[in-house]
file run-v4.csv (CSV, C-alpha atoms)
chain,number,residue,atom,x,y,z
A,969,MET,CA,-50.7,-6.3,22.6
A,970,GLU,CA,-49.4,-2.8,22.0
A,971,LEU,CA,-45.7,-2.4,21.6
A,972,LYS,CA,-45.4,0.0,24.6
A,973,GLU,CA,-47.1,-2.5,26.9
A,974,LEU,CA,-44.9,-5.3,25.5
A,975,ILE,CA,-41.8,-3.3,26.3
A,976,SER,CA,-42.8,-2.3,29.8
A,977,GLN,CA,-44.0,-5.9,30.5
A,978,LYS,CA,-40.7,-7.4,29.3
A,979,LEU,CA,-38.6,-5.0,31.2
A,980,LYS,CA,-40.6,-5.3,34.4
A,981,THR,CA,-40.4,-9.1,34.4
A,982,ASN,CA,-36.7,-9.2,33.6
A,983,PHE,CA,-35.5,-6.3,35.8
A,984,PRO,CA,-37.8,-5.9,38.8
A,985,GLU,CA,-35.1,-4.1,40.8
A,986,ALA,CA,-34.1,-1.5,38.1
A,987,ASP,CA,-36.3,1.4,39.4
A,988,LEU,CA,-38.2,1.4,36.1
A,989,ASP,CA,-40.2,4.5,35.3
A,990,PHE,CA,-42.3,4.7,32.2
A,991,SER,CA,-43.6,8.0,30.7
A,992,GLU,CA,-44.7,9.4,27.4
A,993,TYR,CA,-43.9,12.8,26.1
A,994,ARG,CA,-44.9,14.1,22.6
A,995,ASN,CA,-45.5,10.6,21.3
A,996,GLU,CA,-42.1,9.4,22.4
A,997,PHE,CA,-42.0,6.5,24.9
A,998,ASN,CA,-39.5,7.1,27.7
A,999,VAL,CA,-38.0,4.5,30.0
A,1000,LYS,CA,-36.0,5.6,33.0
A,1001,PHE,CA,-33.9,3.2,35.0
A,1002,ASN,CA,-31.1,2.7,37.5
A,1003,LYS,CA,-27.7,3.1,35.7
A,1004,LYS,CA,-26.4,-0.2,37.0
A,1005,PHE,CA,-28.8,-2.0,34.6
A,1006,VAL,CA,-28.0,-0.1,31.4
A,1007,ASN,CA,-26.1,-2.9,29.8
A,1008,PRO,CA,-28.5,-5.8,30.3
A,1009,ILE,CA,-31.5,-3.7,29.5
A,1010,CYS,CA,-30.0,-2.5,26.2
A,1011,LYS,CA,-28.9,-6.1,25.4
A,1012,LEU,CA,-32.5,-7.3,26.0
A,1013,LEU,CA,-34.0,-4.6,23.9
A,1014,LYS,CA,-31.7,-5.3,21.0
A,1015,GLU,CA,-31.6,-9.1,21.1
A,1016,ASP,CA,-35.3,-9.9,21.9
A,1017,SER,CA,-36.8,-11.2,18.7
A,1018,GLU,CA,-40.1,-9.4,19.4
A,1019,LEU,CA,-38.5,-6.0,19.9
A,1020,GLU,CA,-35.2,-5.8,17.8
A,1021,PHE,CA,-34.0,-2.3,18.6
A,1022,LEU,CA,-31.1,-2.7,16.2
A,1023,LEU,CA,-30.3,1.0,15.8
A,1024,CYS,CA,-28.7,3.3,18.4
A,1025,GLU,CA,-29.6,6.6,16.7
A,1026,ASP,CA,-28.1,9.0,19.3
A,1027,MET,CA,-26.6,9.0,22.7
A,1028,THR,CA,-25.9,12.1,24.8
A,1029,ALA,CA,-26.2,13.5,28.2
A,1030,VAL,CA,-28.0,16.4,30.0
A,1031,ASP,CA,-26.4,18.6,32.6
A,1032,TRP,CA,-29.1,19.7,35.0
A,1033,ALA,CA,-26.6,21.8,37.1
A,1034,LYS,CA,-27.9,20.4,40.4
A,1035,ILE,CA,-26.1,18.7,43.2
A,1036,LYS,CA,-27.9,15.3,43.3
A,1037,ASN,CA,-28.1,13.4,40.0
A,1038,ARG,CA,-26.5,16.1,38.0
A,1039,PHE,CA,-26.4,14.3,34.7
A,1040,THR,CA,-28.9,12.3,32.8
A,1041,VAL,CA,-27.6,10.0,30.0
A,1042,VAL,CA,-30.1,9.7,27.2
A,1043,TYR,CA,-30.2,7.0,24.5
A,1044,HIS,CA,-32.4,7.2,21.5
A,1045,ILE,CA,-32.9,3.7,20.0
A,1046,PHE,CA,-35.0,2.7,17.0
A,1047,SER,CA,-36.6,-0.6,16.0
A,1048,ILE,CA,-36.7,-1.0,12.3
A,1049,LYS,CA,-39.0,-4.0,12.6
A,1050,HIS,CA,-41.7,-1.9,14.3
A,1051,SER,CA,-40.6,1.6,13.1
A,1052,PHE,CA,-40.7,2.6,16.7
A,1053,ARG,CA,-38.4,5.0,18.6
A,1054,LEU,CA,-37.6,4.5,22.3
A,1055,VAL,CA,-35.9,6.9,24.7
A,1056,LEU,CA,-33.8,5.4,27.5
A,1057,LYS,CA,-32.6,7.6,30.4
A,1058,ALA,CA,-30.4,7.0,33.4
A,1059,ASP,CA,-29.3,9.4,36.1
A,1060,VAL,CA,-25.6,9.8,36.9
A,1061,ASP,CA,-24.3,11.5,40.0
A,1062,VAL,CA,-21.1,13.6,40.2
A,1063,SER,CA,-19.8,11.6,43.1
A,1064,ASP,CA,-19.7,8.4,40.9
A,1065,CYS,CA,-19.6,10.0,37.5
A,1066,ALA,CA,-19.5,6.8,35.5
A,1067,ILE,CA,-21.9,4.5,33.7
A,1068,ASP,CA,-21.4,1.1,32.0
A,1069,THR,CA,-20.7,1.2,28.3
A,1070,VAL,CA,-23.2,-0.1,25.7
A,1071,SER,CA,-20.6,-0.3,23.0
A,1072,SER,CA,-20.7,-4.0,23.3
A,1073,VAL,CA,-24.3,-3.9,22.3
A,1074,TRP,CA,-24.3,-1.3,19.6
A,1075,LYS,CA,-20.9,-0.6,18.0
A,1076,THR,CA,-21.9,2.9,17.0
A,1077,SER,CA,-22.1,4.0,20.6
A,1078,ASN,CA,-18.4,3.6,20.9
A,1079,TRP,CA,-17.8,7.1,19.3
A,1080,GLN,CA,-21.0,8.5,20.8
A,1081,GLU,CA,-19.8,7.6,24.3
A,1082,ARG,CA,-16.4,9.1,23.5
A,1083,GLU,CA,-18.1,12.4,22.5
A,1084,CYS,CA,-20.2,12.2,25.7
A,1085,TYR,CA,-17.0,11.7,27.8
A,1086,ASP,CA,-15.3,14.6,25.9
A,1087,MET,CA,-18.2,17.0,26.4
A,1088,TYR,CA,-19.5,16.1,29.9
A,1089,GLY,CA,-16.7,14.1,31.6
A,1090,ILE,CA,-18.9,11.1,32.2
A,1091,LYS,CA,-16.8,8.0,32.3
A,1092,PHE,CA,-17.9,4.8,30.6
A,1093,ASN,CA,-16.8,1.6,32.4
A,1094,ASN,CA,-15.3,-1.1,30.2
A,1095,HIS,CA,-15.2,1.2,27.2
A,1096,PRO,CA,-12.6,-0.2,24.7
A,1097,ASP,CA,-11.1,3.1,23.8
A,1098,LEU,CA,-12.2,6.0,26.0
A,1099,ARG,CA,-10.3,9.0,24.6
A,1100,ARG,CA,-11.5,12.5,23.7
A,1101,ILE,CA,-12.9,12.7,20.2
A,1102,TYR,CA,-13.2,16.5,19.5
A,1103,MET,CA,-11.1,18.4,21.9
A,1104,PRO,CA,-7.3,18.0,22.0
A,1105,GLU,CA,-6.2,15.2,24.2
A,1106,GLU,CA,-4.3,17.4,26.7
A,1107,PHE,CA,-7.4,19.6,27.3
A,1108,GLU,CA,-8.5,19.4,30.9
A,1109,HIS,CA,-12.1,20.6,30.9
A,1110,HIS,CA,-15.5,19.4,29.6
A,1111,PRO,CA,-17.1,22.2,27.4
A,1112,LEU,CA,-20.8,21.3,27.6
A,1113,ARG,CA,-20.9,21.3,31.3
A,1114,LYS,CA,-23.0,24.2,32.6
A,1115,ASP,CA,-20.1,25.6,34.7
A,1116,PHE,CA,-17.9,25.9,31.6
A,1117,PRO,CA,-17.8,29.5,30.3
A,1118,LEU,CA,-19.0,30.1,26.8
A,1119,LEU,CA,-15.7,31.6,25.6
A,1120,GLY,CA,-13.6,28.9,27.2
A,1121,ILE,CA,-10.9,29.2,29.8
A,1122,PRO,CA,-8.1,31.5,28.6
A,1123,GLY,CA,-4.9,29.6,28.0
A,1124,SER,CA,-6.5,26.1,28.2
A,1125,LEU,CA,-6.2,25.7,24.4
A,1126,PRO,CA,-2.7,26.5,23.1
A,1127,LEU,CA,-2.2,28.8,20.0
A,1128,PRO,CA,0.9,28.6,17.8
A,1129,LYS,CA,3.6,31.2,18.5
A,1130,LYS,CA,3.3,34.4,16.4
B,76,MET,CA,0.5,47.6,-20.6
B,77,GLY,CA,1.5,50.6,-22.7
B,78,LEU,CA,5.1,49.4,-22.7
B,79,GLU,CA,5.3,49.3,-26.5
B,80,ALA,CA,4.4,53.0,-26.7
B,81,LYS,CA,7.4,53.8,-24.5
B,82,LEU,CA,9.8,51.5,-26.3
B,83,ASN,CA,9.1,52.7,-29.9
B,84,SER,CA,11.7,55.5,-30.0
B,85,ASP,CA,15.0,53.9,-28.8
B,86,GLY,CA,14.1,50.3,-27.9
B,87,PHE,CA,15.2,50.6,-24.2
B,88,LEU,CA,14.0,52.3,-21.1
B,89,VAL,CA,15.6,53.2,-17.7
B,90,THR,CA,14.1,52.2,-14.4
B,91,GLN,CA,15.0,50.9,-11.0
B,92,LEU,CA,15.5,47.2,-10.4
B,93,ASP,CA,13.3,47.5,-7.3
B,94,ALA,CA,10.5,48.8,-9.4
B,95,VAL,CA,10.7,46.0,-12.0
B,96,VAL,CA,10.9,43.3,-9.3
B,97,ALA,CA,7.9,44.8,-7.4
B,98,TRP,CA,6.0,45.2,-10.7
B,99,ALA,CA,6.6,41.5,-11.6
B,100,ARG,CA,5.9,40.3,-8.1
B,101,LYS,CA,2.6,42.1,-7.7
B,102,ASN,CA,1.2,40.9,-11.0
B,103,SER,CA,1.9,37.3,-10.3
B,104,VAL,CA,0.7,36.7,-6.8
B,105,TYR,CA,0.2,32.9,-6.3
B,106,PRO,CA,-2.5,32.4,-3.7
B,107,MET,CA,-2.5,29.5,-1.3
B,108,PRO,CA,-6.2,28.7,-0.9
B,109,MET,CA,-6.6,27.9,2.8
B,110,GLY,CA,-10.3,27.2,2.3
B,111,ILE,CA,-11.5,25.9,5.7
B,112,SER,CA,-15.3,26.5,5.4
B,113,CYS,CA,-18.0,28.4,3.5
B,114,CYS,CA,-15.8,31.4,2.5
B,115,ALA,CA,-13.9,29.0,0.3
B,116,ILE,CA,-17.0,28.7,-2.0
B,117,GLU,CA,-16.8,32.5,-2.6
B,118,MET,CA,-13.0,32.1,-3.1
B,119,MET,CA,-13.7,29.5,-5.8
B,120,ALA,CA,-16.3,31.8,-7.3
B,121,SER,CA,-13.7,34.5,-7.6
B,122,ALA,CA,-11.6,32.2,-9.8
B,123,ASP,CA,-14.5,31.4,-12.2
B,124,PRO,CA,-14.9,33.2,-15.6
B,125,LYS,CA,-17.5,35.7,-14.2
B,126,TYR,CA,-15.2,37.3,-11.6
B,127,ASP,CA,-12.0,35.9,-13.0
B,128,ILE,CA,-9.1,36.4,-10.6
B,129,ALA,CA,-6.8,35.8,-13.6
B,130,ARG,CA,-7.3,39.4,-14.7
B,131,PHE,CA,-5.0,40.2,-11.7
B,132,GLY,CA,-2.5,37.5,-12.4
B,133,SER,CA,-3.5,35.4,-9.5
B,134,GLU,CA,-5.3,32.5,-11.1
B,135,VAL,CA,-2.5,30.0,-10.2
B,136,MET,CA,-3.9,28.6,-7.0
B,137,ARG,CA,-1.2,26.3,-5.8
B,138,PHE,CA,-2.1,23.6,-3.4
B,139,THR,CA,1.4,23.4,-2.1
B,140,PRO,CA,2.7,26.2,0.2
B,141,ARG,CA,6.2,26.0,-1.3
B,142,GLN,CA,5.0,27.8,-4.5
B,143,CYS,CA,2.8,30.5,-3.0
B,144,ASP,CA,3.3,34.0,-1.7
B,145,LEU,CA,-0.3,34.9,-0.6
B,146,MET,CA,-2.3,33.0,1.9
B,147,ILE,CA,-6.1,33.4,1.7
B,148,VAL,CA,-7.4,32.1,5.0
B,149,ALA,CA,-11.1,31.6,4.1
B,150,GLY,CA,-13.1,30.2,6.9
B,151,THR,CA,-13.6,29.5,10.6
B,152,VAL,CA,-10.2,28.7,12.3
B,153,THR,CA,-10.6,26.5,15.3
B,154,TYR,CA,-7.9,26.2,18.0
B,155,LYS,CA,-7.1,22.7,16.6
B,156,MET,CA,-6.8,24.0,13.1
B,157,SER,CA,-4.7,27.0,14.0
B,158,HIS,CA,-1.6,24.9,14.3
B,159,VAL,CA,-2.1,23.5,10.8
B,160,VAL,CA,-2.7,27.1,9.4
B,161,ARG,CA,0.5,28.3,11.1
B,162,LYS,CA,2.5,25.4,9.9
B,163,ILE,CA,1.4,25.9,6.3
B,164,TYR,CA,2.1,29.6,6.6
B,165,GLU,CA,5.7,28.8,7.8
B,166,GLN,CA,6.2,26.5,4.8
B,167,MET,CA,5.6,29.4,2.4
B,168,PRO,CA,8.8,31.1,1.1
B,169,ASP,CA,9.4,34.7,2.0
B,170,PRO,CA,8.1,37.3,1.0
B,171,LYS,CA,4.6,36.3,1.9
B,172,TRP,CA,1.3,38.0,2.6
B,173,VAL,CA,-2.0,37.0,4.3
B,174,ILE,CA,-5.6,37.9,3.6
B,175,ALA,CA,-8.1,37.2,6.4
B,176,MET,CA,-11.2,36.6,4.4
B,177,GLY,CA,-14.6,36.9,6.1
B,178,ALA,CA,-16.0,37.6,9.6
B,179,CYS,CA,-15.0,34.3,11.2
B,180,THR,CA,-11.4,34.5,10.1
B,181,SER,CA,-11.0,38.2,11.1
B,182,THR,CA,-12.8,38.2,14.5
B,183,GLY,CA,-14.4,34.8,15.1
B,184,GLY,CA,-17.6,36.1,13.6
B,185,MET,CA,-20.8,34.5,14.8
B,186,TYR,CA,-18.8,31.7,16.4
B,187,ARG,CA,-18.3,33.4,19.7
B,188,SER,CA,-17.3,30.1,21.2
B,189,TYR,CA,-14.6,28.2,23.2
B,190,SER,CA,-13.4,26.3,20.2
B,191,VAL,CA,-13.0,29.1,17.6
B,192,VAL,CA,-10.0,31.5,17.5
B,193,GLN,CA,-11.4,35.0,17.8
B,194,GLY,CA,-9.4,36.4,15.0
B,195,ILE,CA,-6.4,34.8,13.2
B,196,ASP,CA,-4.2,37.9,14.0
B,197,GLN,CA,-3.6,36.2,17.3
B,198,PHE,CA,-1.1,33.9,15.6
B,199,LEU,CA,-0.6,35.2,12.0
B,200,PRO,CA,0.5,38.6,10.7
B,201,VAL,CA,-2.6,39.7,8.6
B,202,ASP,CA,-2.2,42.3,5.8
B,203,VAL,CA,-5.8,42.7,4.7
B,204,TYR,CA,-9.1,41.9,6.4
B,205,VAL,CA,-12.1,41.3,4.2
B,206,ALA,CA,-15.6,42.0,5.7
B,207,GLY,CA,-18.6,39.9,4.9
B,208,CYS,CA,-20.2,36.6,5.8
B,209,PRO,CA,-19.1,35.4,3.3
B,210,PRO,CA,-17.6,38.3,1.3
B,211,ARG,CA,-18.6,38.6,-2.3
B,212,PRO,CA,-16.0,37.6,-4.8
B,213,ASP,CA,-15.5,41.2,-5.9
B,214,ASN,CA,-14.7,42.0,-2.3
B,215,LEU,CA,-12.0,39.4,-2.3
B,216,LEU,CA,-10.7,40.9,-5.6
B,217,ASN,CA,-10.6,44.3,-3.9
B,218,ALA,CA,-8.5,42.8,-1.1
B,219,LEU,CA,-6.2,41.3,-3.8
B,220,ILE,CA,-5.8,44.8,-5.4
B,221,GLN,CA,-4.9,46.2,-2.0
B,222,ILE,CA,-2.3,43.5,-1.5
B,223,GLN,CA,-0.9,44.3,-5.0
B,224,ASN,CA,-0.6,48.0,-4.1
B,225,LYS,CA,1.2,47.0,-0.9
B,226,ILE,CA,3.5,44.7,-2.9
B,227,GLY,CA,4.1,47.5,-5.4
B,228,ARG,CA,5.5,49.7,-2.7
B,229,THR,CA,8.0,47.2,-1.5
B,230,ARG,CA,11.7,47.3,-2.2
B,231,ALA,CA,14.3,44.6,-2.2
B,232,ARG,CA,15.9,45.9,1.1
B,233,ASP,CA,12.6,45.3,2.9
B,234,PHE,CA,13.2,41.6,2.7
B,235,GLN,CA,16.9,41.7,3.5
B,236,ASN,CA,18.2,40.3,6.8
B,237,LEU,CA,14.8,38.7,7.5
B,238,LYS,CA,14.9,36.5,10.6
B,239,LEU,CA,14.2,32.9,9.7
B,240,PRO,CA,11.7,31.2,12.0
B,241,GLU,CA,13.1,28.7,14.4
B,242,LEU,CA,12.7,25.2,13.1
B,243,ASN,CA,10.8,22.9,15.3
B,244,VAL,CA,12.6,19.7,14.5
B,245,ILE,CA,10.8,16.6,15.4
B,246,GLN,CA,12.7,13.4,15.1
B,247,ASN,CA,10.9,10.2,15.0
B,248,ASN,CA,13.2,7.3,15.7
call {"tool": "encode", "arguments": {"input": "run-v4.csv", "output": "structure tokens"}}
result
Amino acid sequence: MELKELISQKLKTNFPEADLDFSEYRNEFNVKFNKKFVNPICKLLKEDSELEFLLCEDMTAVDWAKIKNRFTVVYHIFSIKHSFRLVLKADVDVSDCAIDTVSSVWKTSNWQERECYDMYGIKFNNHPDLRRIYMPEEFEHHPLRKDFPLLGIPGSLPLPKK
Amino acid sequence: MGLEAKLNSDGFLVTQLDAVVAWARKNSVYPMPMGISCCAIEMMASADPKYDIARFGSEVMRFTPRQCDLMIVAGTVTYKMSHVVRKIYEQMPDPKWVIAMGACTSTGGMYRSYSVVQGIDQFLPVDVYVAGCPPRPDNLLNALIQIQNKIGRTRARDFQNLKLPELNVIQNN
């Protein structure tokens, strides 16, 4: 069985209520799902002996600047066993701007989620150490949001006295 | 120096103390290499045998601000880094001078962004701005010569009654 079919079959049998949506774009297999299921899905993909997606290469978010489902959180995970890359996506709404952490599955996503929180303001539930990673801790804005001006908000970052 | 030619008749010469001090000061400028990004590579190149900043008496790059009197800020200064730059500048003893080396340091350069200070003159008194991205080593040497000319014009009274910066004492108990 082809790996893509195997992945979709396993996810469909284990998570029938996760609003799964499979698509393919430029030879990359995309899986979109409800954000409530992010932790069990990632756990399955990593720990299943036929899949073994051991590596969380990248984790970021997209700001679509729309009212409903403003953000999409994107995970790029890689299976060394199959040399196969998989893209996971989950929509996050502004009204409930939070998603469960996967840092219990892949430890690298601890810092990646901190960066995502810093830049987009998406909270990660049950994250062990959710602090800003780039911007100063007293900074109040989230720079990669579409409504943040390119040159920043004057006075939001303090300069030393002359 | 041509000093021997002047000394050969009587063995002494008359000058002003200010002139001697300024002459000594300008020919032994100790730079503080504040190399933050790629301009620092050109700053290092200016110290190599080809360009040889030692010809101007400035080869002693001290990595402690206590022994320096010229700060070469070479690189992109972010808002987070600006506090460090200012702190190191305040640790340098008076009199002191600042070169803003390169486009990023002088104006923010190509980083027209929320995280980069658009010109370090917002928090440091800059004496010479060097254009270029990055500037060639000879451009930096030109800036050094301009600083030397500036130092050569100083007199002792210029540095008298200088206001000391207020110390921000942090006590960790």
call {"tool": "residues_around", "arguments": {"input": "run-v4.csv", "residues": "stretch 1025-1041 of chain A", "least_positions_apart": "5", "cutoff": "12 Å", "atoms": "only C-alpha atoms", "output": "PyMOL selection string"}}
result
chain A and resi 999-1003+1006+1046-1048+1052-1071+1074-1092+1110-1116
call {"tool": "closest_residue", "arguments": {"input": "run-v4.csv", "among": "A:Leu1019, A:Val1073, A:Val1042, A:Ile1121", "to": "chain B", "atoms": "all atoms listed in the file"}}
result
A:Ile1121
call {"tool": "closest_residue", "arguments": {"input": "run-v4.csv", "among": "B:Tyr189, B:Trp172, B:Trp98, B:Phe87", "to": "chain A", "atoms": "only C-alpha atoms"}}
result
B:Tyr189
call {"tool": "interface_residues", "arguments": {"input": "run-v4.csv", "of": "chain A", "to": "chain B", "cutoff": "7 Å", "atoms": "all atoms listed in the file", "output": "ChimeraX atom specification"}}
result
/A:1118-1120,1125,1127-1130
call {"tool": "residues_near_point", "arguments": {"input": "run-v4.csv", "point": "(-2.1, 27.9, -10.4)", "cutoff": "12 Å", "atoms": "only C-alpha atoms", "output": "MDAnalysis selection string"}}
result
chainID B and resid 103:108 122 128:129 132:140 142:144
call {"tool": "write_last_selection", "arguments": {"input": "run-v4.csv", "atoms": "C-alpha atoms", "output": "PDB file, in the frame of the given file"}}
result
ATOM      1  CA  SER B 103       1.900  37.300 -10.300  1.00  0.00           C
ATOM      2  CA  VAL B 104       0.700  36.700  -6.800  1.00  0.00           C
ATOM      3  CA  TYR B 105       0.200  32.900  -6.300  1.00  0.00           C
ATOM      4  CA  PRO B 106      -2.500  32.400  -3.700  1.00  0.00           C
ATOM      5  CA  MET B 107      -2.500  29.500  -1.300  1.00  0.00           C
ATOM      6  CA  PRO B 108      -6.200  28.700  -0.900  1.00  0.00           C
ATOM      7  CA  ALA B 122     -11.600  32.200  -9.800  1.00  0.00           C
ATOM      8  CA  ILE B 128      -9.100  36.400 -10.600  1.00  0.00           C
ATOM      9  CA  ALA B 129      -6.800  35.800 -13.600  1.00  0.00           C
ATOM     10  CA  GLY B 132      -2.500  37.500 -12.400  1.00  0.00           C
ATOM     11  CA  SER B 133      -3.500  35.400  -9.500  1.00  0.00           C
ATOM     12  CA  GLU B 134      -5.300  32.500 -11.100  1.00  0.00           C
ATOM     13  CA  VAL B 135      -2.500  30.000 -10.200  1.00  0.00           C
ATOM     14  CA  MET B 136      -3.900  28.600  -7.000  1.00  0.00           C
ATOM     15  CA  ARG B 137      -1.200  26.300  -5.800  1.00  0.00           C
ATOM     16  CA  PHE B 138      -2.100  23.600  -3.400  1.00  0.00           C
ATOM     17  CA  THR B 139       1.400  23.400  -2.100  1.00  0.00           C
ATOM     18  CA  PRO B 140       2.700  26.200   0.200  1.00  0.00           C
ATOM     19  CA  GLN B 142       5.000  27.800  -4.500  1.00  0.00           C
ATOM     20  CA  CYS B 143       2.800  30.500  -3.000  1.00  0.00           C
ATOM     21  CA  ASP B 144       3.300  34.000  -1.700  1.00  0.00           C
TER      22      ASP B 144
END
call {"tool": "atom_distance", "arguments": {"input": "run-v4.csv", "atom1": "atom CA of B:Cys179", "atom2": "atom CA of B:Thr151"}}
result
5.0 Å
call {"tool": "residues_around", "arguments": {"input": "run-v4.csv", "residues": "B:Ile222", "least_positions_apart": "3", "cutoff": "12 Å", "atoms": "all atoms listed in the file", "output": "PyMOL selection string"}}
result
chain B and resi 97+100-106+131+133+144-147+171-175+201-205+215-219+225-229
call {"tool": "atom_distance", "arguments": {"input": "run-v4.csv", "atom1": "atom CA of B:Ser112", "atom2": "atom CA of B:Ile163"}}
result
16.7 Å
call {"tool": "closest_residue", "arguments": {"input": "run-v4.csv", "among": "A:Phe1005, A:Phe1107, A:Tyr1043, A:Tyr993", "to": "A:Leu979", "atoms": "all atoms listed in the file"}}
result
A:Phe1005
call {"tool": "atom_distance", "arguments": {"input": "run-v4.csv", "atom1": "atom CA of B:Met176", "atom2": "atom CA of B:Ala206"}}
result
7.1 Å
call {"tool": "build_atoms", "arguments": {"input": "run-v4.csv", "residues": "stretch 1069-1080 of chain A", "atoms": "N, CA and C atoms", "output": "JSON list (two decimals), in the frame of the given file"}}
result
[["chain", "number", "residue", "atom", "x", "y", "z"],
["A", 1069, "THR", "N", -20.64, 0.93, 29.74],
["A", 1069, "THR", "CA", -20.70, 1.20, 28.30],
["A", 1069, "THR", "C", -21.75, 0.26, 27.66],
["A", 1070, "VAL", "N", -22.34, 0.74, 26.55],
["A", 1070, "VAL", "CA", -23.20, -0.10, 25.70],
["A", 1070, "VAL", "C", -22.55, -0.38, 24.39],
["A", 1071, "SER", "N", -21.25, -0.05, 24.28],
["A", 1071, "SER", "CA", -20.60, -0.30, 23.00],
["A", 1071, "SER", "C", -20.46, -1.72, 22.64],
["A", 1072, "SER", "N", -20.65, -2.62, 23.65],
["A", 1072, "SER", "CA", -20.70, -4.00, 23.30],
["A", 1072, "SER", "C", -21.99, -4.44, 22.68],
["A", 1073, "VAL", "N", -23.03, -3.61, 22.88],
["A", 1073, "VAL", "CA", -24.30, -3.90, 22.30],
["A", 1073, "VAL", "C", -24.45, -3.28, 20.91],
["A", 1074, "TRP", "N", -24.33, -1.95, 20.88],
["A", 1074, "TRP", "CA", -24.30, -1.30, 19.60],
["A", 1074, "TRP", "C", -22.93, -0.70, 19.36],
["A", 1075, "LYS", "N", -22.30, -1.07, 18.24],
["A", 1075, "LYS", "CA", -20.90, -0.60, 18.00],
["A", 1075, "LYS", "C", -20.85, 0.89, 17.78],
["A", 1076, "THR", "N", -21.94, 1.50, 17.25],
["A", 1076, "THR", "CA", -21.90, 2.90, 17.00],
["A", 1076, "THR", "C", -21.71, 3.73, 18.27],
["A", 1077, "SER", "N", -22.19, 3.18, 19.39],
["A", 1077, "SER", "CA", -22.10, 4.00, 20.60],
["A", 1077, "SER", "C", -20.71, 4.10, 21.14],
["A", 1078, "ASN", "N", -19.76, 3.42, 20.53],
["A", 1078, "ASN", "CA", -18.40, 3.60, 20.90],
["A", 1078, "ASN", "C", -17.99, 5.11, 20.74],
["A", 1079, "TRP", "N", -18.20, 5.66, 19.55],
["A", 1079, "TRP", "CA", -17.80, 7.10, 19.30],
["A", 1079, "TRP", "C", -18.78, 8.01, 20.03],
["A", 1080, "GLN", "N", -20.06, 7.62, 20.13],
["A", 1080, "GLN", "CA", -21.00, 8.50, 20.80],
["A", 1080, "GLN", "C", -20.64, 8.63, 22.29]]
